[in-house]
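J.: Below you'll find the structure I mean.
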Amino acid sequence: MTSAPVPAKTPGDVPPIDVRHLTMRYGDLVVMHDLNFAVRRGEVFVIMGGSGSGKSTLLKHLIGLKAPAEGTILMDGEDFGNATEETRRPMLRRMGVLFQNGALWSGLTLAENVALPLTEFTTLGADAIADVVQLKLALVGLRGFEAFYPAAISGGMRKRAALARAIALDPEVLFFDEPSSGLDPVSASRLDDLILALKASFGTTIIVVSHDLASIYRIADRALFLDIAEKTMTALGNPAELRDAPPNEAVHRFLTRSSEGAS
Amino acid sequence: MTPEAAATLAEIRRDGPSLVAVVSGDWSIERPTPHFGQLVEAASASDAKGAGAARAVTVDASALGVWDSSLLVFLRQGQEYCVAHQLSFGTDGIPERIATLLALALVVPERTVEPEPEPPKALARFGAAGVAAWDASLDAMTFVGEVAQRGVQLLRGRVRMRWREFWVVVQSNSSGALPIVTLIALLVGVIIAFLGVVVLKRFGAGYYVSYLVGYGMLREMGALMTGIIMAGRSGAGFAAELGSMKITEEIDALSTLGISSIDHLVLPRVFGLFVMMPLLVVYADVVGILGGMGVAVGMLDLTGKQFVNGMLTAVELSDTMLGMFKATIFGLIIGMAGTMKGLRTGSDAGAVGRSATSAVVVGITFIILANAVIDWLAALLQI
């Protein structure tokens, strides 16, 4: 091996995701205000916080399902949060999303589920798509399950199949909504392995919404803490360091699973 | 991109006893990429000794640029080619991160897949369809029996029904259904009268159009049209509603509490339709007769009073009662078809749609069947 090929497609130090002064609202209810953070290329970035703190809402903003009430979300320096449908489409092409319950299309087989983004966004022929689909399903350990329908496989397998769909287009940024929810510890840890393998091999930037501490300590390079009481982010950094030197009580309680002093 | 351009990404060379796959340049999933097997064939065609004599395949990735899954696909084709031709596949020349991914893709699945059974023969399919139809009718009969049994218990006050749900059904099948019932019944009345006027006028019997409209609406069309409308409206609605509940495991949640889905979900709906259908039919009869009267008065030398008097000499109370009796039966059919199809919904998103469709089809089919049977009985009993 004489060279070290890097699969990164957008070089430079522009952060893949850059959130500035983001305020999220449901109607008049402010969920979170003044969020400021930039995700670094190739890191695993965890968004953590208690139930109802707006983690999933933030994810919805980052993947374009909800528009920011105030502030901007930049993807590779381009305005993503307030983009029109037309300008957003090429940006969506560069991201993949693993929804909490997989969200596989139940009327399609696993192979068809993975193939759909490929047929939508590329000009590959049917044979080439079949090859890519096989590879992606094999990568998540589902070789031979191409013809199965989502209803016929277990929850853990469904999640991995959904991951195969999320990585179908070799995304630069991959989003996970609660990857370990509904999975047994072994399956959850296998999914963490896959997340780390994707980061190491493809150099994918990975953003994970999670409240599973074991998983957070294992995969996160940095973590963002959303404080439900303050209605904004109160900590950003490596989770182990945050645990050892917590910037505030809420972060300490969250990262040590203690309910002392909880109101 | 032409095949030649794709070929520059990869090339297969002969190097002593082994084949060397040289991959170079930038690989992208959005562009055509070479196929391993075809490259080997091309290489062996140009090589006098033939590629078949090779014992190993190695990879040279020294000039590789940017890559993505397309390269992995190519290398996997190589791996599979080697397995098929009993060659060894050397991963030494492959950068580590790619090798990791290839290894990941080779991990044995946790369960082997059973081979697809051969499609059955025509006769076997016919037999299977017959067995399935028999099972389905047994299932339907069980369901009807169960609902009937619980319904009787309800009337004897031994079943606690959810009255709130019942009133929701009553509301949606009364005021909620009036606009569409008005429109259809009015038009049906107009159509009957129009037909009657055109035909009877030839015999100078235009006056009797009132008989036709009265009989037609009260005995047949009022109940039949209302039944068909409600099968499309409420039957499909019940099936979709219960089907969604089934998919989200709400019905299982009821079962774990020991609550019968028949008592809790089916009875309020069936009973609601049972009560409301006759009332809707009376309304439809009135609207239809008014529509028919409008046509008769407009097209013939007839006053409204003459029309009504003519009609009243022809029809009897029993005609109205027959229509209302039909309506109660239709209500039971629609309610049971809808709730049963809903409770039997499968587990994918398309299943709800299929349940709703089949609730309407079954509902309308049985309404028309029941109508024929009731008419036959009425003729026998001279009602």
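Identifiers in this document derive from the order of the structure tokens: chains are assigned A, B, ..., residues are numbered from 1 separately in each chain, and ligands are numbered from 1 in order of occurrence.
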Any idea what's packed within 7 Å of region 46-53 of chain A, counting only C-alpha atoms, ignoring anything in its chain fewer than 3 positions away? Could you give it as a VMD selection string?

T.: chain A and resid 207 to 211 216 220 222 to 228

J.: Give me, as JSON lines, the closest atom pair and its distance (Å, one decimal) for every residue of chain B within a cut-off of 8 Å of chain A, counting only C-alpha atoms, rows sorted by chain and rising number.

T.:
```
{"residue": "B:Ile29", "atom": "CA", "partner": "A:Leu169", "partner_atom": "CA", "distance": 7.7}
{"residue": "B:Glu30", "atom": "CA", "partner": "A:Thr122", "partner_atom": "CA", "distance": 5.5}
{"residue": "B:Arg31", "atom": "CA", "partner": "A:Leu124", "partner_atom": "CA", "distance": 7.4}
{"residue": "B:Pro32", "atom": "CA", "partner": "A:Leu124", "partner_atom": "CA", "distance": 7.0}
{"residue": "B:Ala61", "atom": "CA", "partner": "A:Met1", "partner_atom": "CA", "distance": 6.9}
{"residue": "B:Ser62", "atom": "CA", "partner": "A:Thr2", "partner_atom": "CA", "distance": 5.4}
{"residue": "B:Ala63", "atom": "CA", "partner": "A:Ser3", "partner_atom": "CA", "distance": 7.4}
{"residue": "B:Leu64", "atom": "CA", "partner": "A:Pro5", "partner_atom": "CA", "distance": 6.5}
{"residue": "B:Gly65", "atom": "CA", "partner": "A:Pro5", "partner_atom": "CA", "distance": 5.7}
{"residue": "B:Val66", "atom": "CA", "partner": "A:Pro7", "partner_atom": "CA", "distance": 5.1}
{"residue": "B:Trp67", "atom": "CA", "partner": "A:Pro7", "partner_atom": "CA", "distance": 5.3}
{"residue": "B:Asp68", "atom": "CA", "partner": "A:Pro7", "partner_atom": "CA", "distance": 6.3}
{"residue": "B:Ser69", "atom": "CA", "partner": "A:Asp170", "partner_atom": "CA", "distance": 6.7}
{"residue": "B:Ser70", "atom": "CA", "partner": "A:Val132", "partner_atom": "CA", "distance": 7.2}
{"residue": "B:Leu72", "atom": "CA", "partner": "A:Leu135", "partner_atom": "CA", "distance": 7.5}
{"residue": "B:Val73", "atom": "CA", "partner": "A:Val132", "partner_atom": "CA", "distance": 6.1}
{"residue": "B:Arg76", "atom": "CA", "partner": "A:Leu135", "partner_atom": "CA", "distance": 7.8}
{"residue": "B:Gly93", "atom": "CA", "partner": "A:Met1", "partner_atom": "CA", "distance": 5.9}
{"residue": "B:Ile94", "atom": "CA", "partner": "A:Met1", "partner_atom": "CA", "distance": 7.1}
{"residue": "B:Pro95", "atom": "CA", "partner": "A:Met1", "partner_atom": "CA", "distance": 6.3}
{"residue": "B:Arg97", "atom": "CA", "partner": "A:Ser201", "partner_atom": "CA", "distance": 4.6}
{"residue": "B:Ile98", "atom": "CA", "partner": "A:Ser201", "partner_atom": "CA", "distance": 6.5}
{"residue": "B:Thr100", "atom": "CA", "partner": "A:Ser201", "partner_atom": "CA", "distance": 7.3}
{"residue": "B:Leu101", "atom": "CA", "partner": "A:Ser201", "partner_atom": "CA", "distance": 6.8}
{"residue": "B:Leu102", "atom": "CA", "partner": "A:Leu139", "partner_atom": "CA", "distance": 7.9}
{"residue": "B:Leu104", "atom": "CA", "partner": "A:Leu139", "partner_atom": "CA", "distance": 5.6}
{"residue": "B:Ala105", "atom": "CA", "partner": "A:Leu139", "partner_atom": "CA", "distance": 4.2}
{"residue": "B:Leu106", "atom": "CA", "partner": "A:Ala138", "partner_atom": "CA", "distance": 6.8}
{"residue": "B:Val107", "atom": "CA", "partner": "A:Gly141", "partner_atom": "CA", "distance": 6.4}
{"residue": "B:Val108", "atom": "CA", "partner": "A:Gly141", "partner_atom": "CA", "distance": 7.1}
{"residue": "B:Pro109", "atom": "CA", "partner": "A:Gly141", "partner_atom": "CA", "distance": 5.5}
{"residue": "B:Glu110", "atom": "CA", "partner": "A:Gly141", "partner_atom": "CA", "distance": 7.8}
{"residue": "B:Thr112", "atom": "CA", "partner": "A:Gly144", "partner_atom": "CA", "distance": 7.6}
{"residue": "B:Val113", "atom": "CA", "partner": "A:Gly144", "partner_atom": "CA", "distance": 6.3}
{"residue": "B:Ser347", "atom": "CA", "partner": "A:Ala151", "partner_atom": "CA", "distance": 6.7}
{"residue": "B:Asp348", "atom": "CA", "partner": "A:Ser106", "partner_atom": "CA", "distance": 5.2}
{"residue": "B:Ala349", "atom": "CA", "partner": "A:Ser106", "partner_atom": "CA", "distance": 6.0}
{"residue": "B:Gly350", "atom": "CA", "partner": "A:Gly107", "partner_atom": "CA", "distance": 6.4}
```

J.: Print the selection's residues with N, CA and C atoms to a file, as a tab-separated table (two decimals), in the first residue's frame.

T.:
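Saved as result.tsv:
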```tsv
chain	number	residue	atom	x	y	z
B	29	ILE	N	-20.10	5.80	-7.22
B	29	ILE	CA	-21.28	4.97	-7.42
B	29	ILE	C	-22.18	5.55	-8.51
B	30	GLU	N	-21.94	6.83	-8.83
B	30	GLU	CA	-22.81	7.47	-9.81
B	30	GLU	C	-22.34	7.26	-11.24
B	31	ARG	N	-21.17	6.64	-11.38
B	31	ARG	CA	-20.67	6.40	-12.74
B	31	ARG	C	-20.57	4.90	-12.98
B	32	PRO	N	-20.61	4.48	-14.25
B	32	PRO	CA	-20.47	3.05	-14.53
B	32	PRO	C	-19.10	2.55	-14.08
B	61	ALA	N	-3.70	-1.54	-5.44
B	61	ALA	CA	-4.48	-0.31	-5.28
B	61	ALA	C	-3.57	0.89	-5.11
B	62	SER	N	-2.36	0.81	-5.64
B	62	SER	CA	-1.39	1.87	-5.38
B	62	SER	C	-1.79	3.20	-6.03
B	63	ALA	N	-2.55	3.13	-7.12
B	63	ALA	CA	-2.91	4.38	-7.79
B	63	ALA	C	-4.37	4.75	-7.56
B	64	LEU	N	-4.93	4.22	-6.48
B	64	LEU	CA	-6.35	4.45	-6.20
B	64	LEU	C	-6.57	5.86	-5.67
B	65	GLY	N	-7.59	6.52	-6.18
B	65	GLY	CA	-7.90	7.86	-5.70
B	65	GLY	C	-9.04	7.81	-4.70
B	66	VAL	N	-10.07	8.61	-4.97
B	66	VAL	CA	-11.25	8.62	-4.11
B	66	VAL	C	-12.10	7.40	-4.43
B	67	TRP	N	-12.69	6.80	-3.40
B	67	TRP	CA	-13.50	5.61	-3.67
B	67	TRP	C	-14.75	5.61	-2.81
B	68	ASP	N	-15.71	4.80	-3.24
B	68	ASP	CA	-16.90	4.58	-2.40
B	68	ASP	C	-17.38	3.14	-2.60
B	69	SER	N	-18.65	2.90	-2.40
B	69	SER	CA	-19.17	1.53	-2.44
B	69	SER	C	-18.95	0.84	-3.77
B	70	SER	N	-18.84	1.62	-4.85
B	70	SER	CA	-18.68	0.97	-6.15
B	70	SER	C	-17.40	0.13	-6.18
B	72	LEU	N	-16.11	-1.34	-3.54
B	72	LEU	CA	-16.42	-2.52	-2.73
B	72	LEU	C	-17.19	-3.55	-3.55
B	73	VAL	N	-18.13	-3.06	-4.36
B	73	VAL	CA	-18.89	-3.98	-5.20
B	73	VAL	C	-17.95	-4.73	-6.13
B	76	ARG	N	-15.88	-7.26	-4.25
B	76	ARG	CA	-16.70	-8.40	-3.85
B	76	ARG	C	-16.95	-9.34	-5.02
B	93	GLY	N	-2.92	-6.22	-1.05
B	93	GLY	CA	-2.79	-4.93	-1.72
B	93	GLY	C	-3.94	-3.98	-1.45
B	94	ILE	N	-4.92	-4.43	-0.67
B	94	ILE	CA	-6.09	-3.60	-0.44
B	94	ILE	C	-5.89	-2.74	0.79
B	95	PRO	N	-6.13	-1.44	0.70
B	95	PRO	CA	-6.00	-0.58	1.88
B	95	PRO	C	-6.85	-1.12	3.03
B	97	ARG	N	-8.81	0.04	5.40
B	97	ARG	CA	-10.22	0.35	5.68
B	97	ARG	C	-11.16	-0.36	4.70
B	98	ILE	N	-10.67	-0.55	3.46
B	98	ILE	CA	-11.50	-1.28	2.50
B	98	ILE	C	-11.56	-2.75	2.89
B	100	THR	N	-11.35	-3.97	5.84
B	100	THR	CA	-12.26	-4.13	6.98
B	100	THR	C	-13.69	-4.26	6.50
B	101	LEU	N	-14.05	-3.38	5.57
B	101	LEU	CA	-15.44	-3.42	5.07
B	101	LEU	C	-15.72	-4.73	4.35
B	102	LEU	N	-14.74	-5.20	3.56
B	102	LEU	CA	-14.94	-6.46	2.85
B	102	LEU	C	-15.13	-7.59	3.83
B	104	LEU	N	-16.31	-7.32	6.81
B	104	LEU	CA	-17.62	-7.12	7.44
B	104	LEU	C	-18.72	-7.72	6.55
B	105	ALA	N	-18.54	-7.53	5.24
B	105	ALA	CA	-19.56	-8.02	4.31
B	105	ALA	C	-19.56	-9.54	4.22
B	106	LEU	N	-18.45	-10.15	4.66
B	106	LEU	CA	-18.36	-11.61	4.56
B	106	LEU	C	-18.85	-12.32	5.81
B	107	VAL	N	-19.16	-11.55	6.85
B	107	VAL	CA	-19.62	-12.17	8.09
B	107	VAL	C	-20.85	-13.01	7.80
B	108	VAL	N	-20.82	-14.21	8.31
B	108	VAL	CA	-21.91	-15.15	8.03
B	108	VAL	C	-23.19	-14.65	8.68
B	109	PRO	N	-24.30	-14.65	7.93
B	109	PRO	CA	-25.55	-14.21	8.55
B	109	PRO	C	-25.94	-15.15	9.68
B	110	GLU	N	-26.72	-14.59	10.64
B	110	GLU	CA	-27.03	-15.37	11.82
B	110	GLU	C	-28.00	-16.51	11.54
B	112	THR	N	-29.47	-19.06	8.24
B	112	THR	CA	-29.44	-19.38	6.81
B	112	THR	C	-30.85	-19.25	6.25
B	113	VAL	N	-30.88	-18.92	4.99
B	113	VAL	CA	-32.17	-18.68	4.35
B	113	VAL	C	-32.66	-19.97	3.73
B	347	SER	N	-50.08	-7.12	8.52
B	347	SER	CA	-49.19	-6.28	9.29
B	347	SER	C	-48.44	-5.22	8.47
B	348	ASP	N	-48.67	-5.16	7.16
B	348	ASP	CA	-47.95	-4.10	6.43
B	348	ASP	C	-48.90	-2.94	6.12
B	349	ALA	N	-48.32	-1.86	5.63
B	349	ALA	CA	-49.11	-0.65	5.41
B	349	ALA	C	-50.19	-0.87	4.36
B	350	GLY	N	-49.90	-1.69	3.36
B	350	GLY	CA	-50.89	-1.95	2.32
B	350	GLY	C	-52.09	-2.73	2.84
```

J.: For Thr313 (chain B), which residue among B:Ser28, B:Ser210, B:Ser18, B:Thr226 is the nearest when counting only C-alpha atoms?

T.: B:Ser210

J.: Any chance you could list, as a PyMOL selection string, the residues in region 37-101 of chain B that come up helix (DSSP H, G or I) when DSSP is run on the backbone?

T.: chain B and resi 37-46+51-53+69-84+96-101

J.: Write out as a PyMOL selection string all residues of region 23-135 of chain B that DSSP puts in strand (DSSP E or B) for this structure's backbone.

T.: chain B and resi 23-25+56-64+88-89

J.: Output N, CA and C atoms of each residue in that selection to a file, as a CSV table (one decimal), in the first residue's frame.

T.:
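The resulting file, result_5.csv, is shown below:
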```csv
chain,number,residue,atom,x,y,z
B,23,VAL,N,-6.5,-1.5,-9.5
B,23,VAL,CA,-7.6,-0.5,-9.5
B,23,VAL,C,-6.9,0.9,-9.3
B,24,SER,N,-7.5,1.9,-10.0
B,24,SER,CA,-6.9,3.2,-10.0
B,24,SER,C,-7.9,4.2,-10.2
B,25,GLY,N,-7.6,5.5,-10.0
B,25,GLY,CA,-8.4,6.6,-10.3
B,25,GLY,C,-9.5,6.7,-9.2
B,56,ALA,N,-4.3,-17.6,-8.3
B,56,ALA,CA,-4.6,-16.6,-7.3
B,56,ALA,C,-4.9,-15.2,-7.9
B,57,VAL,N,-5.6,-14.4,-7.2
B,57,VAL,CA,-5.9,-13.1,-7.6
B,57,VAL,C,-5.4,-12.1,-6.5
B,58,THR,N,-4.6,-11.2,-7.0
B,58,THR,CA,-4.2,-10.1,-6.0
B,58,THR,C,-4.7,-8.8,-6.5
B,59,VAL,N,-4.6,-7.8,-5.6
B,59,VAL,CA,-5.2,-6.5,-5.9
B,59,VAL,C,-4.0,-5.5,-5.8
B,60,ASP,N,-3.9,-4.6,-6.7
B,60,ASP,CA,-2.9,-3.5,-6.6
B,60,ASP,C,-3.7,-2.2,-6.6
B,61,ALA,N,-3.7,-1.5,-5.4
B,61,ALA,CA,-4.5,-0.3,-5.3
B,61,ALA,C,-3.6,0.9,-5.1
B,62,SER,N,-2.4,0.8,-5.6
B,62,SER,CA,-1.4,1.9,-5.4
B,62,SER,C,-1.8,3.2,-6.0
B,63,ALA,N,-2.6,3.1,-7.1
B,63,ALA,CA,-2.9,4.4,-7.8
B,63,ALA,C,-4.4,4.8,-7.6
B,64,LEU,N,-4.9,4.2,-6.5
B,64,LEU,CA,-6.4,4.4,-6.2
B,64,LEU,C,-6.6,5.9,-5.7
B,88,SER,N,-7.4,-18.3,-4.9
B,88,SER,CA,-7.2,-17.6,-3.6
B,88,SER,C,-7.3,-16.1,-3.9
B,89,PHE,N,-7.9,-15.4,-3.0
B,89,PHE,CA,-8.0,-13.9,-3.2
B,89,PHE,C,-7.1,-13.2,-2.2
```

J.: What does the distance between CA of Leu71 (chain B) and CA of Asp15 (chain B) come to in Å, to one decimal place?

T.: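 So the two atoms, CA of Leu71 (chain B) and CA of Asp15 (chain B), lie 22.0 Å apart.
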
J.: Pro268 (chain B): which residues within 10 Å, counting only C-alpha atoms, same-chain residues fewer than 5 positions away excluded, as a list in words?

T.: Gly151, Met161, Arg162, Trp163, Arg164, Glu165, Phe166, Trp167, Val168, Val169, Val170, Ile262, Asp263, Leu273, Phe274 and Gly335 of chain B

J.: Would you put the residues from that selection into a file with N, CA and C atoms, as an mmCIF file, in the first residue's frame?

T.:
```
data_model
loop_
_atom_site.group_PDB
_atom_site.id
_atom_site.type_symbol
_atom_site.label_atom_id
_atom_site.label_comp_id
_atom_site.auth_asym_id
_atom_site.auth_seq_id
_atom_site.Cartn_x
_atom_site.Cartn_y
_atom_site.Cartn_z
ATOM 1 N N GLY B 151 -74.113 -9.818 21.024
ATOM 2 C CA GLY B 151 -75.192 -8.852 20.833
ATOM 3 C C GLY B 151 -76.410 -9.205 21.671
ATOM 4 N N MET B 161 -71.019 -2.331 27.018
ATOM 5 C CA MET B 161 -70.552 -1.764 25.758
ATOM 6 C C MET B 161 -70.024 -0.364 26.026
ATOM 7 N N ARG B 162 -69.163 0.102 25.143
ATOM 8 C CA ARG B 162 -68.667 1.470 25.294
ATOM 9 C C ARG B 162 -69.673 2.404 24.630
ATOM 10 N N TRP B 163 -70.460 3.060 25.439
ATOM 11 C CA TRP B 163 -71.536 3.878 24.883
ATOM 12 C C TRP B 163 -70.999 5.111 24.179
ATOM 13 N N ARG B 164 -69.850 5.605 24.663
ATOM 14 C CA ARG B 164 -69.286 6.785 24.015
ATOM 15 C C ARG B 164 -68.982 6.487 22.542
ATOM 16 N N GLU B 165 -68.388 5.319 22.314
ATOM 17 C CA GLU B 165 -68.065 4.902 20.955
ATOM 18 C C GLU B 165 -69.348 4.725 20.132
ATOM 19 N N PHE B 166 -70.360 4.155 20.800
ATOM 20 C CA PHE B 166 -71.649 3.963 20.131
ATOM 21 C C PHE B 166 -72.203 5.304 19.652
ATOM 22 N N TRP B 167 -72.146 6.307 20.520
ATOM 23 C CA TRP B 167 -72.710 7.598 20.131
ATOM 24 C C TRP B 167 -71.894 8.262 19.025
ATOM 25 N N VAL B 168 -70.589 8.007 19.022
ATOM 26 C CA VAL B 168 -69.762 8.535 17.926
ATOM 27 C C VAL B 168 -70.222 7.929 16.600
ATOM 28 N N VAL B 169 -70.482 6.609 16.621
ATOM 29 C CA VAL B 169 -70.949 5.942 15.404
ATOM 30 C C VAL B 169 -72.311 6.499 14.997
ATOM 31 N N VAL B 170 -73.188 6.673 15.997
ATOM 32 C CA VAL B 170 -74.521 7.202 15.708
ATOM 33 C C VAL B 170 -74.410 8.583 15.062
ATOM 34 N N ILE B 262 -64.559 -7.735 20.529
ATOM 35 C CA ILE B 262 -65.942 -7.770 20.025
ATOM 36 C C ILE B 262 -66.805 -6.783 20.836
ATOM 37 N N ASP B 263 -66.748 -6.911 22.163
ATOM 38 C CA ASP B 263 -67.566 -6.033 23.001
ATOM 39 C C ASP B 263 -67.161 -4.578 22.845
ATOM 40 N N LEU B 273 -74.852 1.174 13.636
ATOM 41 C CA LEU B 273 -75.396 1.124 12.274
ATOM 42 C C LEU B 273 -76.786 0.497 12.265
ATOM 43 N N PHE B 274 -76.963 -0.541 13.081
ATOM 44 C CA PHE B 274 -78.237 -1.245 13.194
ATOM 45 C C PHE B 274 -79.349 -0.258 13.569
ATOM 46 N N GLY B 335 -71.736 -3.280 9.155
ATOM 47 C CA GLY B 335 -70.973 -3.191 10.400
ATOM 48 C C GLY B 335 -70.076 -4.394 10.583
#
```

J.: What's around region 328-334 of chain B at 6 Å? Count only C-alpha atoms, leave out sequence neighbours fewer than 4 positions away in its own chain, and write the answer as a list in words.

T.: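 Here the answer would be Gly227, Ala231, Gly235, Val270, Leu273, Phe274, Met277, Pro278, Gly338, Gly363 and Ile367 of chain B.
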
J.: Restricted to C-alpha atoms, what would the selected residues look like written as a short mmCIF file (atom, residue, chain, number, x, y, z; two decimals), in the first residue's frame?

T.:
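Full text of again-v6.cif as output:
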```cif
data_model
loop_
_atom_site.label_atom_id
_atom_site.label_comp_id
_atom_site.auth_asym_id
_atom_site.auth_seq_id
_atom_site.Cartn_x
_atom_site.Cartn_y
_atom_site.Cartn_z
CA GLY B 227 -76.83 0.57 2.14
CA ALA B 231 -70.87 0.38 2.93
CA GLY B 235 -67.80 0.03 6.25
CA VAL B 270 -72.54 -2.79 14.48
CA LEU B 273 -75.40 1.12 12.27
CA PHE B 274 -78.24 -1.25 13.19
CA MET B 277 -79.72 2.64 9.10
CA PRO B 278 -83.57 2.47 9.28
CA GLY B 338 -66.17 -3.57 8.16
CA GLY B 363 -70.50 -5.30 2.22
CA ILE B 367 -76.29 -6.24 0.73
#
```

J.: Report the distance between CA of Asp285 (chain B) and CA of Leu381 (chain B) in Å, rounded to one decimal place.

T.: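 Between these atoms lies a distance of 23.2 Å.
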
J.: Any idea what's packed within 12 Å of Ser261 (chain B), counting only C-alpha atoms, ignoring anything in its chain fewer than 3 positions away? Could you give it as a ChimeraX atom specification?

T.: /B:143,146-147,150,160-162,242,245-246,250-258,264-269,339-340,342-344

J.: Can you list, as a compact mmCIF listing (two decimals) with N, CA and C atoms, in the first residue's frame, every protein, DNA or RNA residue that comes within 8 Å of Leu104 (chain A) when you count only C-alpha atoms, leaving out same-chain residues fewer than 2 positions away?

T.:
```txt
# COMPACT_ATOMS: atom_id res chain seq x y z
N GLY A 102 -36.77 2.21 12.27
CA GLY A 102 -36.36 1.69 10.98
C GLY A 102 -37.06 2.37 9.82
N SER A 106 -43.02 -1.00 4.25
CA SER A 106 -43.45 -2.36 4.53
C SER A 106 -43.94 -3.09 3.28
N ASN A 113 -36.19 -1.94 -0.69
CA ASN A 113 -36.02 -0.81 0.21
C ASN A 113 -34.67 -0.13 0.00
N PRO A 150 -40.12 -6.55 5.44
CA PRO A 150 -39.78 -6.09 6.79
C PRO A 150 -40.57 -6.79 7.89
N ARG A 158 -34.44 -5.47 11.35
CA ARG A 158 -35.12 -4.40 10.64
C ARG A 158 -34.29 -3.11 10.73
N ALA A 161 -31.37 -3.44 8.47
CA ALA A 161 -31.80 -3.26 7.08
C ALA A 161 -32.01 -1.77 6.80
N ALA A 162 -32.58 -1.08 7.77
CA ALA A 162 -32.79 0.36 7.59
C ALA A 162 -31.45 1.08 7.49
```
